[in-house]
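Just input11.txt here, compact mmCIF, C-alpha atoms:
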```
# COMPACT_ATOMS: atom_id res chain seq x y z
CA MET A 9 -203.04 54.52 -25.70
CA THR A 10 -200.10 52.47 -24.44
CA SER A 11 -200.03 48.83 -25.50
CA ASP A 12 -198.98 46.02 -23.18
CA HIS A 13 -195.93 45.46 -25.33
CA SER A 14 -194.75 49.08 -25.28
CA ALA A 15 -195.46 49.31 -21.57
CA LYS A 16 -192.83 46.65 -21.00
CA PHE A 17 -190.16 48.81 -22.54
CA LYS A 18 -187.79 49.82 -19.76
CA MET A 19 -186.46 53.33 -20.01
CA ASP A 20 -183.56 52.50 -17.73
CA GLU A 21 -182.22 50.20 -20.46
CA ILE A 22 -181.25 53.25 -22.49
CA PRO A 23 -177.55 54.14 -22.08
CA THR A 24 -177.17 57.57 -20.51
CA GLU A 25 -175.00 58.77 -23.39
CA PHE A 26 -177.93 58.47 -25.79
CA ALA A 27 -180.23 60.35 -23.43
CA ARG A 28 -177.72 63.19 -23.43
CA GLU A 29 -176.72 63.17 -27.08
CA TRP A 30 -179.99 62.76 -28.98
CA PRO A 31 -182.67 65.34 -28.08
CA GLU A 32 -186.12 63.95 -28.75
CA GLY A 33 -187.48 64.45 -32.25
CA VAL A 34 -184.38 66.10 -33.71
CA LYS A 35 -181.09 64.23 -33.74
CA PRO A 36 -182.16 60.58 -34.23
CA SER A 37 -183.38 61.36 -37.75
CA ARG A 38 -180.32 63.47 -38.52
CA ASP A 39 -177.95 60.79 -37.28
CA LEU A 40 -179.65 58.18 -39.43
CA TRP A 41 -179.15 60.40 -42.47
CA ILE A 42 -175.48 60.89 -41.56
CA LEU A 43 -175.03 57.14 -41.14
CA ALA A 44 -176.68 56.49 -44.51
CA LEU A 45 -174.35 58.93 -46.29
CA LEU A 46 -171.31 57.44 -44.56
CA LEU A 47 -172.34 53.92 -45.61
CA ALA A 48 -173.02 54.97 -49.20
CA PHE A 49 -169.78 56.89 -49.76
CA PRO A 50 -167.33 53.92 -49.97
CA SER A 51 -169.24 52.48 -52.95
CA THR A 52 -169.51 55.70 -54.98
CA GLY A 53 -166.41 54.86 -57.02
CA PHE A 54 -167.90 51.50 -57.99
CA ILE A 55 -171.22 53.06 -58.95
CA GLN A 56 -169.72 55.89 -60.99
CA LYS A 57 -167.53 53.47 -62.91
CA TYR A 58 -170.54 51.59 -64.25
CA SER A 59 -173.45 54.06 -63.97
CA GLY A 60 -171.98 57.56 -63.98
CA VAL A 61 -172.73 60.44 -61.63
CA ALA A 62 -176.49 59.96 -62.09
CA GLY A 63 -176.09 56.39 -60.86
CA VAL A 64 -174.27 57.68 -57.77
CA ALA A 65 -177.18 60.01 -56.97
CA VAL A 66 -179.70 57.19 -57.38
CA TYR A 67 -177.60 54.85 -55.26
CA VAL A 68 -177.17 57.36 -52.41
CA ALA A 69 -180.92 58.06 -52.41
CA ALA A 70 -181.62 54.31 -52.36
CA VAL A 71 -179.27 53.77 -49.40
CA ILE A 72 -180.91 56.58 -47.44
CA GLY A 73 -184.35 55.12 -48.14
CA LEU A 74 -183.29 51.59 -47.26
CA LEU A 75 -181.70 52.68 -43.99
CA ILE A 76 -184.77 54.64 -42.92
CA LEU A 77 -187.08 51.75 -43.83
CA SER A 78 -184.88 49.11 -42.22
CA ALA A 79 -184.53 51.25 -39.07
CA ARG A 80 -188.30 51.35 -38.75
CA LEU A 81 -188.53 47.61 -39.26
CA ALA A 82 -185.81 47.03 -36.67
CA ARG A 83 -187.66 49.30 -34.28
CA HIS A 84 -190.96 47.49 -34.62
CA HIS A 85 -189.39 44.02 -34.47
CA ALA A 86 -186.82 44.85 -31.77
CA PRO A 87 -188.36 42.59 -29.08
CA TRP A 88 -188.32 39.62 -31.45
CA LEU A 89 -184.75 40.39 -32.56
CA ARG A 90 -183.57 40.57 -28.95
CA LEU A 91 -185.37 37.35 -28.04
CA HIS A 92 -183.79 35.43 -30.92
CA PHE A 93 -180.43 37.20 -30.90
CA ARG A 94 -178.35 34.08 -30.30
CA GLY A 95 -179.99 32.10 -33.08
CA LEU A 96 -179.84 35.01 -35.50
CA ALA A 97 -176.17 35.60 -34.65
CA ILE A 98 -175.35 31.94 -35.35
CA LEU A 99 -177.33 32.12 -38.59
CA ALA A 100 -175.54 35.30 -39.66
CA ILE A 101 -172.08 33.95 -38.92
CA SER A 102 -172.84 30.63 -40.60
CA GLY A 103 -174.19 32.50 -43.62
CA MET A 104 -171.03 34.58 -43.88
CA ILE A 105 -168.83 31.49 -43.71
CA ALA A 106 -170.91 29.66 -46.31
CA GLY A 107 -171.06 32.70 -48.57
CA PHE A 108 -167.31 33.17 -48.47
CA ILE A 109 -166.59 29.49 -49.10
CA VAL A 110 -168.90 29.44 -52.13
CA LEU A 111 -168.30 32.88 -53.66
CA HIS A 112 -164.62 33.54 -52.98
CA PRO A 113 -163.27 30.84 -55.34
CA ILE A 114 -165.47 32.24 -58.11
CA GLU A 115 -164.15 35.77 -57.67
CA ASP A 116 -160.58 34.61 -57.11
CA GLY A 117 -160.67 32.30 -60.12
CA ARG A 118 -160.88 35.17 -62.56
CA GLY A 119 -157.11 35.47 -62.33
CA PRO A 120 -154.55 38.27 -61.84
CA GLY A 121 -155.73 41.65 -63.01
CA LYS A 122 -159.37 40.59 -62.99
CA SER A 123 -159.85 39.96 -59.28
CA SER A 124 -158.71 41.66 -56.10
CA ASP A 125 -155.14 40.87 -55.06
CA ARG A 126 -155.33 42.10 -51.46
CA ASP A 127 -155.73 38.59 -50.06
CA GLU A 128 -152.92 37.14 -52.16
CA GLY A 129 -150.60 40.01 -51.23
CA LEU A 130 -151.26 39.64 -47.52
CA GLU A 131 -150.88 35.87 -47.63
CA MET A 132 -147.63 36.18 -49.56
CA ALA A 133 -146.32 38.68 -46.99
CA VAL A 134 -147.23 36.45 -44.01
CA THR A 135 -145.66 33.42 -45.70
CA ARG A 136 -142.44 35.29 -46.44
CA LEU A 137 -142.33 36.57 -42.87
CA ALA A 138 -142.77 33.03 -41.54
CA HIS A 139 -139.81 31.95 -43.65
CA GLY A 140 -137.60 34.72 -42.27
CA GLU A 141 -137.76 36.85 -45.42
CA SER A 142 -138.81 40.45 -45.85
CA PRO A 143 -142.59 40.52 -46.25
CA TYR A 144 -142.36 43.39 -48.71
CA TYR A 145 -142.04 41.42 -51.91
CA PRO A 146 -141.28 42.96 -55.32
CA SER A 147 -144.36 43.75 -57.39
CA ASN A 148 -145.37 40.72 -59.46
CA ARG A 149 -148.20 39.39 -61.61
CA ILE A 150 -149.99 37.91 -58.60
CA ALA A 151 -150.05 40.94 -56.34
CA GLY A 152 -149.04 44.58 -56.52
CA PRO A 153 -146.96 46.42 -53.91
CA LEU A 154 -148.04 45.72 -50.33
CA SER A 155 -149.59 48.78 -48.67
CA VAL A 156 -150.12 47.38 -45.17
CA LEU A 157 -147.81 47.78 -42.19
CA PRO A 158 -146.52 44.76 -40.23
CA GLY A 159 -149.35 44.85 -37.67
CA SER A 160 -151.78 43.67 -40.34
CA MET A 161 -149.56 40.68 -41.05
CA LEU A 162 -149.39 39.70 -37.38
CA LEU A 163 -153.16 39.85 -36.97
CA ALA A 164 -153.79 38.03 -40.27
CA ALA A 165 -151.27 35.25 -39.57
CA PRO A 166 -153.72 32.87 -37.78
CA PHE A 167 -156.12 33.07 -40.72
CA VAL A 168 -153.38 32.52 -43.27
CA ALA A 169 -152.37 29.48 -41.21
CA ILE A 170 -155.86 27.95 -41.57
CA GLY A 171 -155.84 28.48 -45.30
CA ASN A 172 -157.17 31.92 -46.28
CA SER A 173 -156.69 35.43 -44.93
CA GLY A 174 -160.24 36.24 -45.98
CA TYR A 175 -161.60 34.38 -42.96
CA GLN A 176 -160.48 37.28 -40.81
CA ASN A 177 -163.42 39.26 -42.19
CA VAL A 178 -165.83 36.64 -40.83
CA PHE A 179 -164.08 36.57 -37.46
CA TRP A 180 -164.01 40.33 -37.00
CA LEU A 181 -167.56 40.83 -38.25
CA ALA A 182 -168.70 38.28 -35.67
CA ALA A 183 -166.65 40.04 -32.98
CA PHE A 184 -168.15 43.35 -34.06
CA LEU A 185 -171.69 41.98 -33.65
CA PHE A 186 -171.13 41.02 -30.01
CA ALA A 187 -169.08 44.12 -29.21
CA ALA A 188 -171.77 46.38 -30.72
CA SER A 189 -174.42 44.55 -28.69
CA ALA A 190 -172.57 45.48 -25.49
CA PHE A 191 -171.57 48.99 -26.55
CA LEU A 192 -175.02 50.00 -27.86
CA ASN A 193 -176.70 48.12 -25.02
CA ASP A 194 -179.17 46.66 -27.51
CA LYS A 195 -179.01 43.32 -29.33
CA ALA A 196 -181.51 44.47 -31.94
CA ALA A 197 -179.40 47.51 -32.81
CA ALA A 198 -176.30 45.29 -33.00
CA LEU A 199 -177.98 43.02 -35.55
CA TYR A 200 -178.98 46.12 -37.49
CA VAL A 201 -175.48 47.60 -37.66
CA LEU A 202 -174.07 44.25 -38.79
CA ALA A 203 -176.64 43.37 -41.43
CA VAL A 204 -177.53 46.69 -43.00
CA PRO A 205 -174.03 47.80 -44.11
CA LEU A 206 -173.39 44.43 -45.73
CA ALA A 207 -176.78 44.64 -47.44
CA VAL A 208 -176.44 48.17 -48.87
CA SER A 209 -172.69 48.57 -49.44
CA LEU A 210 -171.49 47.17 -52.74
CA SER A 211 -167.88 47.83 -51.78
CA ALA A 212 -168.30 45.86 -48.54
CA GLN A 213 -169.88 42.97 -50.43
CA TYR A 214 -167.05 42.84 -52.94
CA GLU A 215 -164.34 43.22 -50.32
CA PHE A 216 -165.87 40.38 -48.31
CA VAL A 217 -166.23 38.02 -51.28
CA SER A 218 -162.74 38.83 -52.59
CA GLY A 219 -161.15 38.24 -49.17
CA GLY A 220 -159.61 41.70 -48.93
CA ASP A 221 -158.54 42.93 -45.51
CA LEU A 222 -160.16 46.38 -45.39
CA ILE A 223 -163.29 45.24 -43.53
CA ALA A 224 -161.24 43.41 -40.91
CA ASN A 225 -158.72 46.24 -40.67
CA GLY A 226 -161.30 48.88 -39.86
CA ILE A 227 -163.07 46.63 -37.36
CA PHE A 228 -160.06 45.43 -35.38
CA VAL A 229 -158.72 48.95 -34.97
CA ALA A 230 -162.13 50.13 -33.71
CA LEU A 231 -162.69 47.15 -31.40
CA LEU A 232 -159.22 47.24 -29.86
CA PHE A 233 -159.72 50.95 -29.18
CA LEU A 234 -163.03 50.03 -27.57
CA LEU A 235 -161.38 47.31 -25.47
CA ALA A 236 -158.74 49.72 -24.19
CA LEU A 237 -161.22 52.51 -23.41
CA LYS A 238 -163.59 50.10 -21.65
CA SER A 239 -160.72 48.61 -19.64
CA TRP A 240 -159.63 51.99 -18.34
CA LYS A 241 -163.18 53.17 -17.74
CA ASN A 242 -164.08 50.08 -15.69
CA PRO A 243 -162.63 50.36 -12.14
CA SER A 244 -162.74 46.57 -11.73
CA SER A 245 -160.38 45.93 -14.65
CA SER A 246 -157.01 44.62 -13.56
CA GLY A 247 -153.78 46.39 -14.43
CA TRP A 248 -152.57 43.72 -16.83
CA GLN A 249 -155.84 43.89 -18.79
CA ARG A 250 -155.51 47.63 -19.19
CA TRP A 251 -151.91 47.58 -20.34
CA LEU A 252 -152.41 44.57 -22.62
CA ALA A 253 -155.31 46.37 -24.27
CA CYS A 254 -153.03 49.34 -24.97
CA VAL A 255 -150.37 47.05 -26.44
CA LEU A 256 -153.01 45.58 -28.75
CA VAL A 257 -154.00 49.10 -29.79
CA GLY A 258 -150.38 49.67 -30.79
CA VAL A 259 -150.42 46.49 -32.87
CA ALA A 260 -153.67 47.55 -34.55
CA LEU A 261 -152.33 51.02 -35.38
CA ALA A 262 -149.35 49.35 -37.06
CA SER A 263 -151.70 48.11 -39.79
CA ARG A 264 -152.04 51.12 -42.09
CA ALA A 265 -150.31 54.48 -41.85
CA ASN A 266 -153.50 56.57 -41.83
CA PHE A 267 -154.61 55.01 -38.54
CA LEU A 268 -151.64 56.60 -36.77
CA LEU A 269 -153.52 59.90 -36.88
CA LEU A 270 -156.11 58.40 -34.54
CA LEU A 271 -153.58 58.22 -31.71
CA PRO A 272 -154.16 61.85 -30.58
CA LEU A 273 -157.90 61.13 -30.43
CA PHE A 274 -157.21 58.08 -28.28
CA GLY A 275 -155.10 60.18 -25.94
CA ALA A 276 -157.80 62.84 -25.68
CA ALA A 277 -160.51 60.26 -24.92
CA MET A 278 -158.28 58.65 -22.30
CA TRP A 279 -157.62 62.06 -20.74
CA ARG A 280 -161.36 62.62 -20.41
CA MET A 281 -161.92 59.18 -18.86
CA SER A 282 -158.81 58.52 -16.81
CA GLY A 283 -156.83 61.71 -16.37
CA LEU A 284 -153.84 63.31 -18.05
CA LYS A 285 -151.16 61.06 -16.50
CA ASN A 286 -152.76 57.82 -17.64
CA ALA A 287 -153.55 59.31 -21.04
CA LEU A 288 -149.89 60.19 -21.60
CA LEU A 289 -148.73 56.75 -20.47
CA VAL A 290 -151.13 54.71 -22.60
CA THR A 291 -150.67 56.90 -25.66
CA LEU A 292 -146.90 56.65 -25.33
CA LEU A 293 -147.12 52.87 -24.87
CA ALA A 294 -149.35 52.39 -27.92
CA GLY A 295 -147.11 54.63 -30.00
CA LEU A 296 -143.95 52.78 -28.93
CA VAL A 297 -145.52 49.42 -29.76
CA THR A 298 -146.48 50.68 -33.22
CA LEU A 299 -142.99 52.06 -33.75
CA SER A 300 -141.26 48.89 -32.49
CA ILE A 301 -143.28 46.74 -34.88
CA THR A 302 -142.86 48.97 -37.93
CA LEU A 303 -139.40 50.53 -37.66
CA PRO A 304 -137.31 47.32 -38.02
CA PHE A 305 -138.96 46.53 -41.36
CA TYR A 306 -138.35 50.05 -42.60
CA LEU A 307 -134.71 50.14 -41.48
CA ASN A 308 -134.09 46.75 -43.06
CA ASN A 309 -134.85 48.14 -46.51
CA PRO A 310 -136.05 51.76 -46.63
CA ALA A 311 -136.22 51.78 -50.43
CA GLY A 312 -138.31 48.60 -50.49
CA PHE A 313 -140.71 49.62 -47.73
CA ALA A 314 -143.80 49.47 -49.91
CA PRO A 315 -146.30 51.25 -47.60
CA LEU A 316 -144.50 54.52 -48.32
CA GLY A 317 -145.72 54.16 -51.88
CA SER A 318 -149.34 54.31 -50.78
CA SER A 319 -148.95 58.07 -50.37
CA ASN A 320 -148.57 58.27 -54.15
CA LYS A 321 -152.35 58.06 -54.42
CA LEU A 322 -152.54 61.47 -52.78
CA LYS A 323 -149.87 62.80 -55.18
CA TYR A 324 -151.89 61.85 -58.25
CA TRP A 325 -152.88 65.46 -58.96
CA ASP A 326 -149.60 67.12 -57.95
CA HIS A 327 -148.57 67.62 -61.57
CA ILE A 328 -151.60 69.90 -61.95
CA LEU A 329 -151.97 71.20 -58.39
CA PRO A 330 -148.51 70.96 -56.77
CA TRP A 331 -149.97 71.68 -53.34
CA ALA A 332 -152.70 69.03 -53.49
CA SER A 333 -151.07 66.14 -51.61
CA MET A 334 -149.63 68.35 -48.87
CA ALA A 335 -153.01 70.05 -48.47
CA LEU A 336 -154.73 66.67 -48.06
CA ILE A 337 -152.20 65.47 -45.49
CA GLY A 338 -152.25 68.78 -43.63
CA THR A 339 -156.04 68.86 -43.54
CA THR A 340 -156.15 65.35 -42.11
CA ILE A 341 -153.62 66.23 -39.41
CA LEU A 342 -155.64 69.34 -38.60
CA ALA A 343 -158.82 67.24 -38.38
CA SER A 344 -157.07 64.92 -35.92
CA LEU A 345 -155.94 67.82 -33.73
CA LEU A 346 -159.32 69.57 -33.83
CA GLY A 347 -161.07 66.32 -33.06
CA SER A 348 -158.81 65.78 -30.06
CA LEU A 349 -159.57 69.29 -28.82
CA TRP A 350 -163.30 68.73 -29.31
CA LEU A 351 -163.12 65.53 -27.26
CA LEU A 352 -161.46 67.44 -24.44
CA VAL A 353 -163.81 70.43 -24.34
CA GLY A 354 -167.05 68.57 -25.09
CA ARG A 355 -167.86 67.83 -21.49
CA ASN A 356 -171.55 67.31 -22.19
CA ARG A 357 -170.87 64.42 -24.55
CA GLU A 358 -170.18 60.77 -23.79
CA PRO A 359 -166.47 60.38 -24.64
CA MET A 360 -166.52 56.95 -26.28
CA THR A 361 -169.36 57.71 -28.69
CA SER A 362 -167.73 61.05 -29.53
CA PHE A 363 -164.36 59.32 -29.94
CA PHE A 364 -165.68 56.92 -32.58
CA ARG A 365 -167.35 59.76 -34.44
CA CYS A 366 -164.08 61.69 -34.52
CA CYS A 367 -162.19 58.60 -35.70
CA ALA A 368 -164.64 58.19 -38.57
CA ILE A 369 -164.29 61.84 -39.57
CA VAL A 370 -160.48 61.83 -39.44
CA THR A 371 -160.24 58.59 -41.45
CA LEU A 372 -162.73 60.00 -43.95
CA THR A 373 -161.10 63.42 -44.33
CA PRO A 374 -158.40 62.57 -46.94
CA MET A 375 -160.98 60.68 -49.01
CA ILE A 376 -163.36 63.62 -49.06
CA GLY A 377 -160.45 65.89 -49.92
CA ALA A 378 -159.31 63.60 -52.72
CA VAL A 379 -162.82 63.51 -54.22
CA LEU A 380 -163.05 67.32 -54.07
CA VAL A 381 -159.63 67.79 -55.70
CA SER A 382 -160.41 65.21 -58.40
CA SER A 383 -163.78 66.84 -59.09
CA TRP A 384 -162.13 70.26 -59.36
CA VAL A 385 -159.43 69.01 -61.73
CA ASN A 386 -161.87 67.11 -63.94
CA GLY A 387 -164.58 69.74 -63.92
CA HIS A 388 -167.33 67.39 -62.74
CA PRO A 389 -168.11 65.25 -59.68
CA ASP A 390 -165.53 62.46 -59.63
CA PHE A 391 -165.60 59.64 -57.08
CA GLY A 392 -163.04 57.50 -58.93
CA ILE A 393 -160.59 57.55 -56.02
CA MET A 394 -163.13 55.52 -54.02
CA LYS A 395 -163.17 52.55 -56.40
CA ASP A 396 -160.43 50.83 -54.37
CA ARG A 397 -162.83 50.59 -51.39
CA PHE A 398 -160.61 52.44 -48.91
CA GLY A 399 -163.72 53.99 -47.41
CA LEU A 400 -164.43 50.70 -45.67
CA MET A 401 -161.74 51.60 -43.15
CA TYR A 402 -163.99 54.12 -41.40
CA VAL A 403 -167.29 52.18 -41.49
CA ALA A 404 -166.82 50.39 -38.13
CA PHE A 405 -166.10 53.73 -36.43
CA ALA A 406 -169.20 55.24 -38.06
CA LEU A 407 -171.42 52.37 -36.93
CA LEU A 408 -170.22 52.67 -33.33
CA GLY A 409 -170.46 56.46 -33.44
CA TRP A 410 -173.84 56.87 -35.11
CA GLY A 411 -175.37 53.39 -34.91
CA GLY A 412 -176.96 54.28 -31.60
CA CYS A 413 -179.52 56.36 -33.50
CA VAL A 414 -181.45 53.13 -33.97
CA ARG A 415 -181.49 52.67 -30.20
CA ALA A 416 -182.38 56.30 -29.72
CA GLU A 417 -185.41 55.92 -31.98
CA HIS A 418 -186.69 53.17 -29.70
CA ARG A 419 -186.58 55.67 -26.87
CA GLN A 420 -188.35 58.37 -28.84
CA ILE A 421 -191.19 56.10 -29.96
CA ALA A 422 -191.60 54.64 -26.48
CA GLU A 423 -191.94 58.10 -24.98
CA CYS A 424 -194.42 59.27 -27.60
CA ARG A 425 -196.81 56.36 -27.10
```
Spell out the structure here as structure tokens.
Amino acid sequence: MTSDHSAKFKMDEIPTEFAREWPEGVKPSRDLWILALLLAFPSTGFIQKYSGVAGVAVYVAAVIGLLILSARLARHHAPWLRLHFRGLAILAISGMIAGFIVLHPIEDGRGPGKSSDRDEGLEMAVTRLAHGESPYYPSNRIAGPLSVLPGSMLLAAPFVAIGNSGYQNVFWLAAFLFAASAFLNDKAAALYVLAVPLAVSLSAQYEFVSGGDLIANGIFVALLFLLALKSWKNPSSSGWQRWLACVLVGVALASRANFLLLLPLFGAAMWRMSGLKNALLVTLLAGLVTLSITLPFYLNNPAGFAPLGSSNKLKYWDHILPWASMALIGTTILASLLGSLWLLVGRNREPMTSFFRCCAIVTLTPMIGAVLVSSWVNGHPDFGIMKDRFGLMYVAFALLGWGGCVRAEHRQIAECR
């Protein structure tokens, strides 16, 4: 029996990529499980620190259960969520602003060594840059060595100017909500992919309250990729829009070194969508922009270029396993190349959705490798490397890549009724 409400559901609202990528009754459930595991992983270091490995297992199971339950609720209340999208979006953004204003001073007031120093480090770097000094300050009691590349400073500068770099998280989360609404072609799914990660991810909650830049960093890289791909896919986009989008991609990639390995994936997706010539041009442009932003700071003081020190995290086990760091780096490079090849040969897949999935996997690869090496060395499951919340860098890619499973479930239920 088909209800009046379900009869109003328009099948032509479903993006064609979902119709191709999620066979009925099989993949939607699997994708939701994948998304749940990807959202749980960044917080495993936190959980193990306070609750042990058993706590990690309980937490992962809880996240899976919460995502399945919340997906069902989103499915059943989708018409209401779409109808009230604007009001709910305003409420969500206002809530994030209020929450940051109230909670950030509490977290920040605990002092050096007891609170996160990512916001202080980034603000110090932007301030030094504005004064004509090298942004890569010596390590001090307020903030440790700066791990970000200059692109992060440029994109954070407007928020530092208004008083706190942490506001960039609010801005980019709001931008992500509206971008996801357009990309997933569903306002209800967009509300879901904004609210659920913040609700279930302890690392995201702490990063947001502490004003760290990892949430914003992952989102602006993903959204500027999306802007560039959309610009080149849309025949009505003007030339200046397309090339500006690629310049912005170059700025975004100059934020953290690991994002540079996403450039081959970008080139492969562009090849699929716009041909080899354009792919080579835009990839070269983005790479040159990244290089032109980063290289002057390195050449100014190679020894003091702090981001190079971030690779020391991968060398942590080299005294026991001399090959460990090189194996992690090599595996990540291999994942990038294989992902690029998969994007090129996967003709039956929608390139943008596949692109974001590959970006998530490549960004995740060194973290998975580090957890495996640490577990091997210590003789038990060890997620300690994740306590610094670096997993948040892939979450935006994962939500764009697998978040459509919520939309796909709408289709499945509508067809079954």
Subject >> Atomic separation - atom CA of A:Ala164 relative to atom CA of A:Gly152, Å >> reply: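 Separating atom CA of A:Gly152 from atom CA of A:Ala164 is a distance of 18.2 Å.
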**OP:** Using all atoms listed in the file, pick whichever of A:Arg357, A:Arg397, A:His84, A:Lys57 has the shortest atom-to-atom distance to A:Ser209.
**Re:**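 Between A:Arg357, A:Arg397, A:His84, A:Lys57, the residue approaching A:Ser209 most closely is A:Arg397.
Minimum distance to A:Asn225 across A:Lys195, A:Arg365, A:Arg264, A:Lys241 (counting only C-alpha atoms) occurs at A:Arg264.
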**OP:** Provide the atom CA of A:Ser382 to atom CA of A:Met394 distance in Å, to one decimal place.
**Re:** 11.0 Å
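Taking atom CA of A:Ala187 and atom CA of A:Leu89 as the two end points, the separation is 16.5 Å.
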**OP:** Give as a PyMOL selection string the set of residues within 10 Å of the point (-154.5, 64.0, -40.0), where distances use the file's coordinates and only C-alpha atoms.
**Re:** chain A and resi 266-270+272+336-347+370-374
Subject >> Given all atoms listed in the file as the counted atoms, nearest of A:Leu289, A:Gly283, A:Ser239, A:Ala65 to A:Ser51 >> reply: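 Looking only at the distances to A:Ser51, the closest residue turns out to be A:Ala65.
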**OP:** Go through A:Ala378, A:Gly171, A:Leu273, A:Ala404 one by one, measure the shortest atom-to-atom distance of each to A:Ala183 using all atoms listed in the file, and give the residue with the smallest value.
**Re:** A:Ala404
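When all atoms listed in the file are used to compute distances to A:Gln176, the closest of the residues A:Glu215, A:Asp326, A:Glu358, A:Asp125 turns out to be A:Glu215.
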**OP:** Find, counting only C-alpha atoms, the residue in A:Val71, A:Leu252, A:Ile55, A:Ala224 that gets nearest to A:Ile393.
**Re:**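 When distances to A:Ile393 are compared using only C-alpha atoms, the smallest one comes from A:Ile55.
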Stretch 147-155 of chain A: axis-aligned bounding box, 4 Å on each side, centre and edge lengths in Å, one decimal, as lines of an AutoDock Vina configuration file:
```
center_x = -147.2
center_y = 43.3
center_z = -55.1
size_x = 13.7
size_y = 18.9
size_z = 20.9
```
With stretch 303-318 of chain A as the partner and 12 Å as the cut-off, tabulate the residues of stretch 95-151 of chain A that qualify, each row holding the nearest pair of atoms and their distance in Å to one decimal, using all atoms listed in the file, sorted by chain and rising number, as a Markdown table.
```
| residue | atom | partner | partner_atom | distance |
| --- | --- | --- | --- | --- |
| A:Gly129 | CA | A:Ala314 | CA | 11.7 |
| A:Ala133 | CA | A:Ala314 | CA | 11.5 |
| A:Leu137 | CA | A:Phe305 | CA | 10.6 |
| A:Gly140 | CA | A:Phe305 | CA | 11.9 |
| A:Glu141 | CA | A:Phe305 | CA | 10.6 |
| A:Ser142 | CA | A:Phe305 | CA | 7.6 |
| A:Pro143 | CA | A:Phe305 | CA | 8.6 |
| A:Tyr144 | CA | A:Ala314 | CA | 6.4 |
| A:Tyr145 | CA | A:Gly312 | CA | 8.2 |
| A:Pro146 | CA | A:Gly312 | CA | 8.0 |
| A:Ser147 | CA | A:Ala314 | CA | 9.4 |
```
Give me the stretch 286-344 of chain A side of the contact with stretch 231-235 of chain A, cut-off 12 Å, one line per residue showing its nearest atom pair and distance in Å at one decimal, counting all atoms listed in the file, sorted by chain and residue number, as CSV.
```
residue,atom,partner,partner_atom,distance
A:Val290,CA,A:Phe233,CA,11.5
A:Thr291,CA,A:Phe233,CA,11.4
A:Ala294,CA,A:Phe233,CA,10.5
```
Please return, as a short mmCIF file (atom, residue, chain, number, x, y, z; two decimals) with C-alpha atoms, in the coordinates of the input, all polymer residues that have at least one atom within 12 Å of the point (-158.5, 65.9, -61.9); use all atoms listed in the file and the file's own coordinate frame.
```cif
data_model
loop_
_atom_site.label_atom_id
_atom_site.label_comp_id
_atom_site.auth_asym_id
_atom_site.auth_seq_id
_atom_site.Cartn_x
_atom_site.Cartn_y
_atom_site.Cartn_z
CA LEU A 322 -152.54 61.47 -52.78
CA LYS A 323 -149.87 62.80 -55.18
CA TYR A 324 -151.89 61.85 -58.25
CA TRP A 325 -152.88 65.46 -58.96
CA ASP A 326 -149.60 67.12 -57.95
CA HIS A 327 -148.57 67.62 -61.57
CA ILE A 328 -151.60 69.90 -61.95
CA LEU A 329 -151.97 71.20 -58.39
CA ALA A 332 -152.70 69.03 -53.49
CA ALA A 378 -159.31 63.60 -52.72
CA VAL A 379 -162.82 63.51 -54.22
CA LEU A 380 -163.05 67.32 -54.07
CA VAL A 381 -159.63 67.79 -55.70
CA SER A 382 -160.41 65.21 -58.40
CA SER A 383 -163.78 66.84 -59.09
CA TRP A 384 -162.13 70.26 -59.36
CA VAL A 385 -159.43 69.01 -61.73
CA ASN A 386 -161.87 67.11 -63.94
CA GLY A 387 -164.58 69.74 -63.92
CA HIS A 388 -167.33 67.39 -62.74
CA PRO A 389 -168.11 65.25 -59.68
CA ASP A 390 -165.53 62.46 -59.63
CA PHE A 391 -165.60 59.64 -57.08
CA GLY A 392 -163.04 57.50 -58.93
CA ILE A 393 -160.59 57.55 -56.02
#
```
